[in-house]
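Worksheet for the structure shown next.
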Amino acid sequence: MTDTDARLQPRKKGLTRRQKRSLSRGVQYTVFVAAVIAFAVAADWGRLQNQFAQADIAKQMFPDVITLALKNTVLYTLSGFVVGLVLGMVVALMRLSSVGPYRWLASVYIEIFRGLPALLIFIFVGVAVPLAFPGTEIPGGTYGKVAIALGLVSAAYMAETIRAGIQAVPKGQTEAARSLGFSPAKAMISIIIPQAFRIILPPLTNELVLLFKDSSLVLFLGVTLEERELSKFGRDLASTTANSTPILVAGLCYLLVTIPLSYVVRRMESKAQEAIR
């Protein structure tokens, strides 16, 4: 076959990349729709509504689910976040210290509290601390215990986030501050840390979302009726009414806070990406 004959032969046409992508998306949408339809057909919506969507039971939860349970959850979260942020800053600076024992102590702390489940930390604060120090009371009662427990857990994660943020600040910033006569400590406080916080604000906000959910572990500390948070409040009413509607309402209250916070995190991450570009 000559070259002329080869050119005259019809070429086999396959799918282009765009067609392949379109076909792939079509298959994925089809599978998704089929799964949704299968779930909708297979689920017993009557039983689900009877167990999780009783309007009269939901009405009984208001306004206490907001004025008591949600309020306590927010207070527990904020107190734990403040303790964790302060302690995390200290641990991060120890981790960056030129003094060996400080670095080792910070590393041990981070590895231990990142490795242990939050539940064990709550049990430790609620049980082990009173046994180790008889006659002593943690200031703030349950609120103080929750702040310490959540703070110990979150500080280990925040410390690594803060350390990464500090190291992400260009070294030229430190050199410029030193050339202006700033001491190392003043340069760190006035120049480096503020810039680091602009970098780490999204992950810190994400940590706040995680703490908001971890506050449900407060039930292991033993709380009074006035100290109940959303999960405990919902579980108590679910046991009283023999219905799961209170648990669903409590879950919706969690989403009422976590979804806006998650949106804020995404917005901050997008702005940070735009600033980099």
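By order of appearance in the structure tokens: chains A, B, ..., then residues from 1 within every chain, and ligands from 1 in the order shown.
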Give me the residues within 7 Å of Gly80 (chain A) as a PyMOL selection string, counting only C-alpha atoms and dropping any in the same chain fewer than 5 places off.
chain A and resi 146-148+150-151
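Minimum atom-to-atom distances from A:Lys71, A:Ser154, A:Ser183, A:Ala53 to Leu116 (chain A) were compared using only C-alpha atoms, and the lowest value belongs to A:Ser154.
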Residue neighbourhood Leu87 (chain A), 8 Å, only C-alpha atoms, exclusion window fewer than 3 positions, as a PyMOL selection string:
chain A and resi 83-84+90-91+151-152+155+159
Can you list, as a PyMOL selection string, every protein, DNA or RNA residue that comes within 10 Å of region 171-177 of chain A when you count only C-alpha atoms, leaving out same-chain residues fewer than 2 positions away?
chain A and resi 166-169+179-184+186-188+190-192+195
Could you pull out the residues in region 62-171 of chain A that DSSP calls helix (DSSP H, G or I) from the backbone, as a ChimeraX atom specification?
/A:64-95,100-115,118-132,141-168,171
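CA of Lys213 (chain A) to CA of Phe39 (chain A) spans 27.9 Å [interatomic distance, one decimal].
Neighbouring residues of region 246-250 of chain A at 8 Å or closer, counting only C-alpha atoms and skipping chain neighbours under 3 positions away, are A:Phe52, A:Ala53, A:Ile57, A:Ala58, A:Met61, A:Val65, A:Leu230, A:Ser231, A:Phe233, A:Gly234, A:Arg235, A:Leu237, A:Ala238, A:Asn243, A:Cys253, A:Tyr254.
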Would you write out those residues with N, CA and C atoms, as a compact mmCIF listing (two decimals), in the first residue's frame?
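What follows is the written file selection.txt:
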# COMPACT_ATOMS: atom_id res chain seq x y z
N PHE A 52 -38.92 10.06 64.21
CA PHE A 52 -38.00 11.20 64.20
C PHE A 52 -38.66 12.55 63.93
N ALA A 53 -39.91 12.58 63.58
CA ALA A 53 -40.51 13.86 63.15
C ALA A 53 -41.89 14.07 63.77
N ILE A 57 -43.75 16.70 69.94
CA ILE A 57 -42.59 16.49 70.81
C ILE A 57 -41.54 17.57 70.56
N ALA A 58 -41.36 17.93 69.30
CA ALA A 58 -40.40 18.99 68.97
C ALA A 58 -40.79 20.31 69.62
N MET A 61 -39.64 21.02 73.18
CA MET A 61 -38.22 21.32 73.41
C MET A 61 -37.94 22.82 73.43
N VAL A 65 -34.32 24.27 74.32
CA VAL A 65 -33.26 23.74 73.47
C VAL A 65 -32.35 24.86 72.96
N LEU A 230 -26.48 20.26 74.06
CA LEU A 230 -27.46 19.77 73.09
C LEU A 230 -27.62 18.25 73.10
N SER A 231 -26.52 17.52 73.08
CA SER A 231 -26.61 16.06 73.01
C SER A 231 -27.27 15.48 74.25
N PHE A 233 -29.22 17.05 76.36
CA PHE A 233 -30.59 17.53 76.38
C PHE A 233 -31.48 16.67 75.47
N GLY A 234 -30.99 16.39 74.26
CA GLY A 234 -31.75 15.57 73.33
C GLY A 234 -31.91 14.14 73.80
N ARG A 235 -30.87 13.56 74.35
CA ARG A 235 -30.94 12.18 74.83
C ARG A 235 -31.89 12.04 76.00
N LEU A 237 -34.56 13.87 76.70
CA LEU A 237 -35.94 13.97 76.22
C LEU A 237 -36.32 12.75 75.39
N ALA A 238 -35.37 12.20 74.65
CA ALA A 238 -35.65 11.00 73.86
C ALA A 238 -35.99 9.83 74.78
N ASN A 243 -39.04 8.51 72.05
CA ASN A 243 -39.08 8.91 70.66
C ASN A 243 -37.76 9.61 70.32
N CYS A 253 -29.87 21.72 65.52
CA CYS A 253 -29.28 22.87 66.24
C CYS A 253 -27.77 22.90 66.05
N TYR A 254 -27.13 21.71 66.02
CA TYR A 254 -25.70 21.66 65.72
C TYR A 254 -25.43 22.24 64.33
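Across the structure, CA of Arg267 (chain A) and CA of Leu211 (chain A) are spaced 19.9 Å apart.
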Just the residues within 7 Å of Arg114 (chain A), please, counting only C-alpha atoms, with nothing from its chain fewer than 6 positions along; format it as a PyMOL selection string.
chain A and resi 153+156-157
Thr77 (chain A) proximity check over A:Gly144, A:Pro260, A:Pro202, A:Pro194, using only C-alpha atoms: winner is A:Gly144
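Residue nearest Arg163 (chain A), chosen from A:Ala118, A:Gly88, A:Phe220, A:Lys145 and counting only C-alpha atoms: A:Gly88.
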Using only C-alpha atoms, which residues sit within 7 Å of Ile200 (chain A) once same-chain residues fewer than 2 positions away are excluded, as JSON, numbers by chain?
{"A": [161, 162, 165, 196, 197, 198, 202, 203, 204]}
